[in-house]
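K.L.:
Please find one structure pasted underneath; my questions will follow.
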Amino acid sequence: MAPKHSNSNHPSKGDLPRTWAAQTLAFAAAVGDTRPVTCVGGQTHWSLAGTADSTADRVSAPSGVVDVLPEEMLVRVGAGTPLVELAQALFAVGQQVCLPQDADPLATVGGALAVGHGGRLQLKLGPPRDSVMEVTYITAQGQISKSGGPVVKNVSGFDMCRLLVGSFGTLGFISEVVLRATPIPAVSQWLVGPPQALDPQTPEVDQSATSLQTLLHAPASLLYTPTQTYVLLEGHAMDVKNEATMLGTQGFEPVSQGPTLLPHRISCRRGQEYRAGVDSGVDFVALGGVGVVTSTHPGPKPRIDSVAASLNRRLKQHFDPTGRMNPGRDVLAGTVETDSAARGTLR
Amino acid sequence: MKGSRHGSTKENGENAALGQASGHTMAVDLLIRELEESLGQDRVRADRIEIGLFSGDASTFDLGQAGLVCMPRTSSEVQTIIEACNRHQRPFVARGGGTGLAGGAIPCGERPVVIALSGMDQILEVDVSARLAWVEPGVINLDLTRHLTPLGYHFAPDPSSQQASTLGGNLANNSGGPHCLSYGVTNAHILAMELVLPDGSVAMIGQDGGDAVGYDLRGIVVGSEGMLGVATKIAVKLTPNPPAISTLLASFPTVRQAASAVTSVIANGYVPAAIELMDRNAVKLIEDFVHAGYPRDAEAVVLLELDGLEAGVTATTKEVSHLMTGAGAISVRCAADDAERMLLWKGRKAAFGAISQAQPDYYLHDTVVPRTRLVEVLDEVYRIAEKYELMVINVFHAGDGNLHPILAYDAREKGRLELVHQAGREIVEASLAAGGVLSGEHGIGVEKQAYMSLMFSSIDLAQQDLVRTVFDPERLSNPGKVLPTGATCAELQYMNHVPDGVWA
Ligand SMILES: Cc1cc2nc3c(=O)[nH]c(=O)nc-3n(C[C@H](O)[C@H](O)[C@H](O)COP(=O)(O)OP(=O)(O)OC[C@H]3O[C@@H](n4cnc5c(N)ncnc54)[C@H](O)[C@@H]3O)c2cc1C
């Protein structure tokens, strides 16, 4: 389905909402209320959060950019829409959303939200969870439910958007979302320079990362590999030029692209990404400033507070008492629970 | 509601607190004794003054009646209080600065225990390399920013109440402020927290970096108005101070033109740090109050701030000024220095205080509408105010579409508050009809509970109620708020004051 602002042969403005409502209803009917059901996106992250039960029914969320609202900096989109299609629709109006930019062509909006991982621009745009303003989803009882609203600011009741992002479809299936969009900057420039270094005095802190962040006002992306540091500068041409010149004195030079993120993700404290990458002992691309290292091999199991883990289980039991939504998937799969005594690890 | 059927209960504060209703006396005394043993007598209060002070907040609602006020200093003391509340099946409510405008901190239910967190006001850690700080919930918003200023950072959410509201309250209400237009509201600035759950267990939720592990519990707790537990330690993001700032003041011959100028700035792809709109009434009151230098002859002024790196800010200042002029601005002035910039902001931040010159009381509304519908909803707001012969003052976060119509009145005039509430309801309905939402930053509390079903279906509300059930099956944490299902605060208070034995 084409966005409203386009001149394609798709349904006219008046017809679109009705057509769209019918698609949502059809999706809810397909999800039903009894049989185990798996929601399928582009299957680009299929191996995460447990193993999908192959015997369950399979459904896919409606696909299509429903409404591009550049003057609101919002976009309404079906969860089954490929990320690439959404990016193109937004590109046409000079905007972007904070979902992974370098995605596999098959990857869908709903899939990206169900996984919840940020892409290379997370430092600038924030994690995907921050951009979801409204969500329409199908509950385990096959009902259509909504949370949030088509505005940029909202504190009206408990915000179900937050729970659904990163839930791997285990609480409900996202049918449609309203996402916050931002303007694509006038100029974007990647630079590459020497790798980060660990200060022997304070090895827990990435010294050069700290100084890079102090040197630059708001880099759009900082990516560290074992041998290089990539910086993405964005904004007004003169500002980008000035910051690039400053980086030039530190051994940085322009490059056409930054590195692609690797398949496995390891979380660490913000500011310690390079150290965590080195500690992983394998090849890595770390997302500076956001606490994420991507690597060629799985890292240590992520830890979760045991009381928080039991809240996770209770949420699943209450939202999906029969365990029919995405059977086999478990947001706690592969995590390690820490007891209360170890709680001081965060703070 | 002021002077309503529950107004008289406050006079009986002390007696009610001590559980004069005979059947409860023993239980109340036991709870007080237990808590006094743990916290010390000076931090467990049930005297008339304290009960009176902690039974309301900055809203106009007068439904609350604290049973007891506790002043913990540590997380484990908060845990002790909540465990005791569980043993005695007593509701409790976390309280920060008490500046909430939707009645979120009003104690509801069976002689609730107020957990006053203002004494937990330590900044525990500032880690510039991680760009985060761990703070206690009673830290005042502006104190945190002041602490961070010499380091070159600030806490981005800047509610107009930032001199008095706490980080715990900001977290619970997902508060916003003028600069949330480009920086985002509180949810985007909370990384993790220690949360004492309503059953007294303690969970560490969120991360100090990286991807969420499990469901985003952090995200659902932010904005849940104290109904999912009490945050006792909070990890916040630090935002670097911008190297360049440009603050513009544009004056317009009509409010419509000012509102369409705002829409045009956003529609042209600019995301200023802040865009605030003030109408003629606001300008007059502000000028009389603080002399901020706003043009008195304007029907509306727009205060717009751009920040970032020097060249971008300079170029955007020119472009945005041009857009404003194109939209009909009579004048566009750029603050020449920091002093002038501060003065322009002083005017905006003093707006609520300035209202007292016009009327002794005011009711501040908070709805959000799509930015492109601002003009028509504002027209409707003026029409409603005229219909009820109320003075309306519009001072709001225009860039976000976040309306704040202020209805000024004198509560001593009979029937006036009722009119204010009727007008308020129509403003909410007009906002929803334009595709907007109930609240942008003040929350639902007791104020908009009854409106929830205007925005949500019974299915939506049942889903939200499930979250509450998961976190708080006993409904002890801040009962009677937000969700219209079950007993509302008014009903809980009413039941609370039914004489003993009636239900037997
Ligand atoms: C003049 C004025 C201007 C204002 N301007 C703005 C504005 O620009 N933007 C805006 O968003 N708001 C504004 N407000 C509203 C209010 O200041 C905010 O909602 C603020 O965040 C409340 O903080 P507080 O510490 O006063 O919380 P309180 O009023 O004490 O409590 C508010 C809610 O938070 C809960 N709570 C408090 N601490 C905790 C905790 N540690 N854990 C769990 N729950 C907790 C309470 O139970 C209650 O539900 C304004 C208010 C006034 C009076």
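Ordering of the structure tokens sets the chain letters (A, B, ...), residue numbers begin anew at 1 in every chain, and ligands are numbered from 1 in the order given.
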Write out as a VMD selection string each polymer residue (protein, DNA or RNA) that has an atom no more than 6 Å from ligand 1, with only C-alpha atoms and all ligand atoms counted.
P.N.:
chain B and resid 58 93 to 101 104 to 105 137 159 to 161 165 to 166 168 to 170 172 to 173 175 to 177 225 to 226 229 to 232 352 441 to 442
K.L.:
Output C-alpha atoms for every residue in that selection, as an mmCIF file, in the first residue's frame.
P.N.:
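The result, stored in selection-v1.cif:
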```cif
data_model
loop_
_atom_site.group_PDB
_atom_site.id
_atom_site.type_symbol
_atom_site.label_atom_id
_atom_site.label_comp_id
_atom_site.auth_asym_id
_atom_site.auth_seq_id
_atom_site.Cartn_x
_atom_site.Cartn_y
_atom_site.Cartn_z
ATOM 1 C CA ALA B 58 -0.626 21.197 43.466
ATOM 2 C CA VAL B 93 1.633 6.558 47.969
ATOM 3 C CA ALA B 94 5.069 7.835 47.008
ATOM 4 C CA ARG B 95 5.436 11.575 47.132
ATOM 5 C CA GLY B 96 8.140 13.779 45.691
ATOM 6 C CA GLY B 97 7.738 17.543 45.580
ATOM 7 C CA GLY B 98 3.929 17.406 45.563
ATOM 8 C CA THR B 99 3.847 19.625 42.445
ATOM 9 C CA GLY B 100 1.740 17.179 40.424
ATOM 10 C CA LEU B 101 -1.242 18.784 38.716
ATOM 11 C CA GLY B 104 -1.236 11.757 41.432
ATOM 12 C CA ALA B 105 0.255 12.141 44.902
ATOM 13 C CA PRO B 137 14.328 10.022 43.927
ATOM 14 C CA PRO B 159 9.440 21.027 33.575
ATOM 15 C CA SER B 160 8.451 24.554 34.525
ATOM 16 C CA SER B 161 8.258 23.188 38.071
ATOM 17 C CA SER B 165 9.708 18.814 41.397
ATOM 18 C CA THR B 166 11.801 15.731 42.053
ATOM 19 C CA GLY B 168 11.069 10.504 41.302
ATOM 20 C CA GLY B 169 8.019 12.605 40.414
ATOM 21 C CA ASN B 170 9.421 13.375 36.948
ATOM 22 C CA ALA B 172 6.466 8.703 37.629
ATOM 23 C CA ASN B 173 4.756 11.347 35.477
ATOM 24 C CA SER B 175 7.415 14.765 32.709
ATOM 25 C CA GLY B 176 8.196 17.075 29.884
ATOM 26 C CA GLY B 177 9.312 20.652 29.570
ATOM 27 C CA GLU B 225 2.229 7.508 38.314
ATOM 28 C CA GLY B 226 3.570 5.583 41.287
ATOM 29 C CA GLY B 229 6.166 0.627 42.902
ATOM 30 C CA VAL B 230 8.473 3.225 44.393
ATOM 31 C CA ALA B 231 11.685 4.183 42.577
ATOM 32 C CA THR B 232 14.459 4.481 45.147
ATOM 33 C CA PHE B 352 2.062 30.413 36.343
ATOM 34 C CA GLU B 441 2.953 15.520 30.674
ATOM 35 C CA HIS B 442 0.802 15.974 33.771
#
```
K.L.:
Would you list, as a count of residues only, the residues of segment 103-207 of chain A that end up in helix (DSSP H, G or I) under DSSP run on this structure's backbone?
P.N.:
21
K.L.:
If we count only C-alpha atoms, which residues of chain B reach to within 7 Å of chain A? Please list them as a VMD selection string.
P.N.:
chain B and resid 129 to 130 174 188 202 to 205 208 to 211 213 to 217 219 to 220 223 to 224 266 to 267 269 309 311 to 312 368 to 372 400 436 to 441 443 to 444 459 to 460 464 466 470 482
K.L.:
What is the atom CA of Arg329 of chain A-atom CA of Val196 of chain B distance in Å, reported with one decimal?
P.N.:
28.6 Å
K.L.:
Excluding Pro100 of chain A and its own-chain neighbours fewer than 5 positions away, which residues fall within 9 Å of it when counting only C-alpha atoms? Please give them as a list in words.
P.N.:
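What passes the distance filter is Leu83, Ala112, His117, Gly118, Gly119, Arg120, Leu121, Gln122 and Pro128 of chain A.
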K.L.:
Can you spit out the residues from that selection as an mmCIF file, in the first residue's frame, using all heavy atoms?
P.N.:
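Output file result_7.cif is given in full below:
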```cif
data_model
loop_
_atom_site.group_PDB
_atom_site.id
_atom_site.type_symbol
_atom_site.label_atom_id
_atom_site.label_comp_id
_atom_site.auth_asym_id
_atom_site.auth_seq_id
_atom_site.Cartn_x
_atom_site.Cartn_y
_atom_site.Cartn_z
ATOM 1 N N LEU A 83 11.330 -2.661 6.215
ATOM 2 C CA LEU A 83 11.995 -1.426 6.665
ATOM 3 C C LEU A 83 12.435 -0.579 5.480
ATOM 4 O O LEU A 83 12.386 0.647 5.524
ATOM 5 C CB LEU A 83 13.233 -1.781 7.500
ATOM 6 C CG LEU A 83 12.988 -2.279 8.923
ATOM 7 C CD1 LEU A 83 14.312 -2.662 9.568
ATOM 8 C CD2 LEU A 83 12.295 -1.213 9.749
ATOM 9 N N ALA A 112 11.558 -5.552 13.559
ATOM 10 C CA ALA A 112 12.577 -4.690 14.180
ATOM 11 C C ALA A 112 12.109 -4.225 15.560
ATOM 12 O O ALA A 112 12.904 -4.163 16.502
ATOM 13 C CB ALA A 112 12.864 -3.490 13.283
ATOM 14 N N HIS A 117 16.279 -3.859 18.799
ATOM 15 C CA HIS A 117 17.677 -3.407 18.744
ATOM 16 C C HIS A 117 17.831 -2.138 17.919
ATOM 17 O O HIS A 117 17.228 -2.014 16.859
ATOM 18 C CB HIS A 117 18.566 -4.484 18.110
ATOM 19 C CG HIS A 117 18.688 -5.709 18.961
ATOM 20 N ND1 HIS A 117 19.140 -6.900 18.456
ATOM 21 C CD2 HIS A 117 18.418 -5.924 20.266
ATOM 22 C CE1 HIS A 117 19.147 -7.805 19.433
ATOM 23 N NE2 HIS A 117 18.711 -7.235 20.536
ATOM 24 N N GLY A 118 18.678 -1.234 18.384
ATOM 25 C CA GLY A 118 18.974 -0.025 17.625
ATOM 26 C C GLY A 118 20.027 -0.312 16.559
ATOM 27 O O GLY A 118 20.741 -1.314 16.622
ATOM 28 N N GLY A 119 20.134 0.574 15.592
ATOM 29 C CA GLY A 119 21.130 0.416 14.539
ATOM 30 C C GLY A 119 22.320 1.324 14.761
ATOM 31 O O GLY A 119 22.570 1.784 15.883
ATOM 32 N N ARG A 120 23.035 1.603 13.658
ATOM 33 C CA ARG A 120 24.282 2.367 13.781
ATOM 34 C C ARG A 120 24.058 3.794 14.265
ATOM 35 O O ARG A 120 24.967 4.426 14.778
ATOM 36 C CB ARG A 120 24.995 2.406 12.421
ATOM 37 C CG ARG A 120 25.520 1.054 11.995
ATOM 38 C CD ARG A 120 26.462 1.179 10.837
ATOM 39 N NE ARG A 120 25.869 1.851 9.685
ATOM 40 C CZ ARG A 120 26.481 1.999 8.520
ATOM 41 N NH1 ARG A 120 27.695 1.528 8.354
ATOM 42 N NH2 ARG A 120 25.886 2.618 7.540
ATOM 43 N N LEU A 121 22.836 4.316 14.071
ATOM 44 C CA LEU A 121 22.577 5.702 14.464
ATOM 45 C C LEU A 121 21.946 5.826 15.850
ATOM 46 O O LEU A 121 21.407 6.867 16.210
ATOM 47 C CB LEU A 121 21.660 6.379 13.439
ATOM 48 C CG LEU A 121 22.252 6.604 12.055
ATOM 49 C CD1 LEU A 121 21.292 7.399 11.183
ATOM 50 C CD2 LEU A 121 23.582 7.337 12.149
ATOM 51 N N GLN A 122 22.028 4.749 16.627
ATOM 52 C CA GLN A 122 21.361 4.785 17.936
ATOM 53 C C GLN A 122 21.868 5.915 18.823
ATOM 54 O O GLN A 122 21.110 6.505 19.589
ATOM 55 C CB GLN A 122 21.528 3.433 18.647
ATOM 56 C CG GLN A 122 20.714 3.382 19.940
ATOM 57 C CD GLN A 122 20.720 2.033 20.611
ATOM 58 O OE1 GLN A 122 20.970 1.015 19.966
ATOM 59 N NE2 GLN A 122 20.464 2.011 21.907
ATOM 60 N N PRO A 128 14.995 2.127 19.301
ATOM 61 C CA PRO A 128 13.675 2.119 18.647
ATOM 62 C C PRO A 128 12.528 2.390 19.619
ATOM 63 O O PRO A 128 11.547 3.009 19.255
ATOM 64 C CB PRO A 128 13.572 0.697 18.069
ATOM 65 C CG PRO A 128 14.974 0.278 17.855
ATOM 66 C CD PRO A 128 15.776 0.936 18.944
#
```
K.L.:
Among segment 56-217 of chain A, which residues does DSSP mark as strand (DSSP E or B) when it is run on the backbone? Keep the chain and numbering as in the structure and answer as a ChimeraX atom specification.
P.N.:
/A:57-59,65-69,74-78,82,95-96,108,132-138,144-148,173-180,182-183,187-193
K.L.:
Find the spatial neighbours of His322 of chain B, counting only C-alpha atoms, within a cut-off of 12 Å - ignore same-chain residues fewer than 4 positions away - and output them as JSON, numbers by chain.
P.N.:
{"B": [248, 250, 261, 264, 265, 268, 315, 316, 317, 318, 326, 327, 328, 329, 330, 331, 332, 333]}
K.L.:
Take the residues from that selection and put them in a file with N, CA and C atoms, as an mmCIF file, in the first residue's frame.
P.N.:
```
data_model
loop_
_atom_site.group_PDB
_atom_site.id
_atom_site.type_symbol
_atom_site.label_atom_id
_atom_site.label_comp_id
_atom_site.auth_asym_id
_atom_site.auth_seq_id
_atom_site.Cartn_x
_atom_site.Cartn_y
_atom_site.Cartn_z
ATOM 1 N N LEU B 248 14.924 33.169 20.086
ATOM 2 C CA LEU B 248 14.163 34.161 19.320
ATOM 3 C C LEU B 248 12.841 34.467 20.000
ATOM 4 N N ALA B 250 9.294 36.099 18.759
ATOM 5 C CA ALA B 250 8.541 36.654 17.632
ATOM 6 C C ALA B 250 7.170 37.076 18.129
ATOM 7 N N ALA B 261 2.614 29.739 12.434
ATOM 8 C CA ALA B 261 4.069 29.892 12.290
ATOM 9 C C ALA B 261 4.781 28.680 12.901
ATOM 10 N N SER B 264 4.436 25.787 10.657
ATOM 11 C CA SER B 264 5.266 25.929 9.457
ATOM 12 C C SER B 264 6.748 25.645 9.755
ATOM 13 N N VAL B 265 7.222 26.021 10.943
ATOM 14 C CA VAL B 265 8.630 25.732 11.295
ATOM 15 C C VAL B 265 8.861 24.211 11.281
ATOM 16 N N ASN B 268 8.594 22.537 7.877
ATOM 17 C CA ASN B 268 9.748 22.782 7.014
ATOM 18 C C ASN B 268 10.990 22.025 7.456
ATOM 19 N N ALA B 315 22.763 29.660 10.836
ATOM 20 C CA ALA B 315 21.998 29.547 9.589
ATOM 21 C C ALA B 315 20.521 29.313 9.890
ATOM 22 N N THR B 316 20.241 28.417 10.847
ATOM 23 C CA THR B 316 18.843 28.091 11.142
ATOM 24 C C THR B 316 18.122 29.281 11.749
ATOM 25 N N THR B 317 18.834 30.077 12.531
ATOM 26 C CA THR B 317 18.208 31.265 13.113
ATOM 27 C C THR B 317 17.662 32.161 12.003
ATOM 28 N N LYS B 318 18.479 32.331 10.971
ATOM 29 C CA LYS B 318 18.048 33.184 9.842
ATOM 30 C C LYS B 318 16.833 32.574 9.156
ATOM 31 N N GLY B 326 7.353 35.365 7.388
ATOM 32 C CA GLY B 326 6.443 34.925 6.328
ATOM 33 C C GLY B 326 5.073 34.537 6.874
ATOM 34 N N ALA B 327 5.059 34.047 8.095
ATOM 35 C CA ALA B 327 3.788 33.619 8.696
ATOM 36 C C ALA B 327 3.058 34.800 9.350
ATOM 37 N N GLY B 328 3.630 35.984 9.250
ATOM 38 C CA GLY B 328 2.907 37.173 9.730
ATOM 39 C C GLY B 328 3.472 37.814 10.983
ATOM 40 N N ALA B 329 4.691 37.419 11.396
ATOM 41 C CA ALA B 329 5.254 38.018 12.620
ATOM 42 C C ALA B 329 5.450 39.530 12.437
ATOM 43 N N ILE B 330 5.096 40.293 13.468
ATOM 44 C CA ILE B 330 5.309 41.747 13.418
ATOM 45 C C ILE B 330 6.791 42.032 13.663
ATOM 46 N N SER B 331 7.359 41.286 14.602
ATOM 47 C CA SER B 331 8.784 41.473 14.884
ATOM 48 C C SER B 331 9.396 40.132 15.280
ATOM 49 N N VAL B 332 10.669 39.956 14.978
ATOM 50 C CA VAL B 332 11.401 38.771 15.426
ATOM 51 C C VAL B 332 12.702 39.283 16.046
ATOM 52 N N ARG B 333 12.891 38.986 17.313
ATOM 53 C CA ARG B 333 14.075 39.495 18.017
ATOM 54 C C ARG B 333 14.908 38.308 18.474
#
```
K.L.:
I want to know what sits within 12 Å of Lys284 of chain B, based on only C-alpha atoms, with residues of the same chain fewer than 3 positions away left out; could you give that as an NGL selection string?
P.N.:
:B and (278-281 or 287-301 or 347-348 or 351 or 354-355 or 357-358 or 393-395)
K.L.:
For Val231 of chain A, find every residue with an atom within 9 Å (counting only C-alpha atoms), except residues of its own chain fewer than 4 positions away, and show them as a count of residues only.
P.N.:
13
K.L.:
Between A:Gln88, A:Ser175, A:Thr19, A:Thr225, which has the minimum distance to Cys39 of chain A (counting only C-alpha atoms)?
P.N.:
A:Ser175
K.L.:
Using atom CA of Pro479 of chain B and atom CA of Leu63 of chain B as the two end points, give the distance in Å to one decimal.
P.N.:
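Computing it gives 12.7 Å between the two atoms.
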K.L.:
Any idea what's packed within 8 Å of Ile115 of chain B, counting only C-alpha atoms, ignoring anything in its chain fewer than 2 positions away? Could you give it as a list in words?
P.N.:
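With the cut-off at 8 Å, the set is Val69, Cys70, Met71, Pro72, Val78, Phe92, Val93, Ala94, Arg95, Val113 and Leu117 of chain B.
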K.L.:
For those residues, write N, CA and C atoms to a file as a compact mmCIF listing (two decimals), in the first residue's frame.
P.N.:
```txt
# COMPACT_ATOMS: atom_id res chain seq x y z
N VAL B 69 2.34 9.79 57.68
CA VAL B 69 3.38 10.24 56.76
C VAL B 69 4.73 9.69 57.22
N CYS B 70 5.43 9.01 56.34
CA CYS B 70 6.76 8.46 56.68
C CYS B 70 7.82 9.16 55.84
N MET B 71 8.97 9.37 56.45
CA MET B 71 10.03 10.09 55.75
C MET B 71 11.31 9.25 55.71
N PRO B 72 11.36 8.30 54.80
CA PRO B 72 12.53 7.40 54.74
C PRO B 72 13.78 8.13 54.25
N VAL B 78 12.43 2.45 52.78
CA VAL B 78 11.23 2.42 51.93
C VAL B 78 10.68 1.00 51.90
N PHE B 92 -0.36 2.73 50.10
CA PHE B 92 0.69 3.74 50.29
C PHE B 92 0.86 4.54 49.01
N VAL B 93 1.39 5.73 49.15
CA VAL B 93 1.63 6.56 47.97
C VAL B 93 2.99 7.25 48.10
N ALA B 94 3.78 7.13 47.03
CA ALA B 94 5.07 7.84 47.01
C ALA B 94 4.81 9.31 46.73
N ARG B 95 5.60 10.14 47.36
CA ARG B 95 5.44 11.58 47.13
C ARG B 95 6.80 12.22 46.95
N VAL B 113 -0.65 5.44 53.66
CA VAL B 113 0.63 5.88 54.19
C VAL B 113 1.34 6.68 53.09
N LEU B 117 9.48 11.33 49.93
CA LEU B 117 10.85 10.97 49.53
C LEU B 117 11.80 12.15 49.45
```
K.L.:
Could you tell me how far atom CA of Leu232 of chain A sits from atom CA of Leu123 of chain A, in Å to one decimal place?
P.N.:
10.2 Å
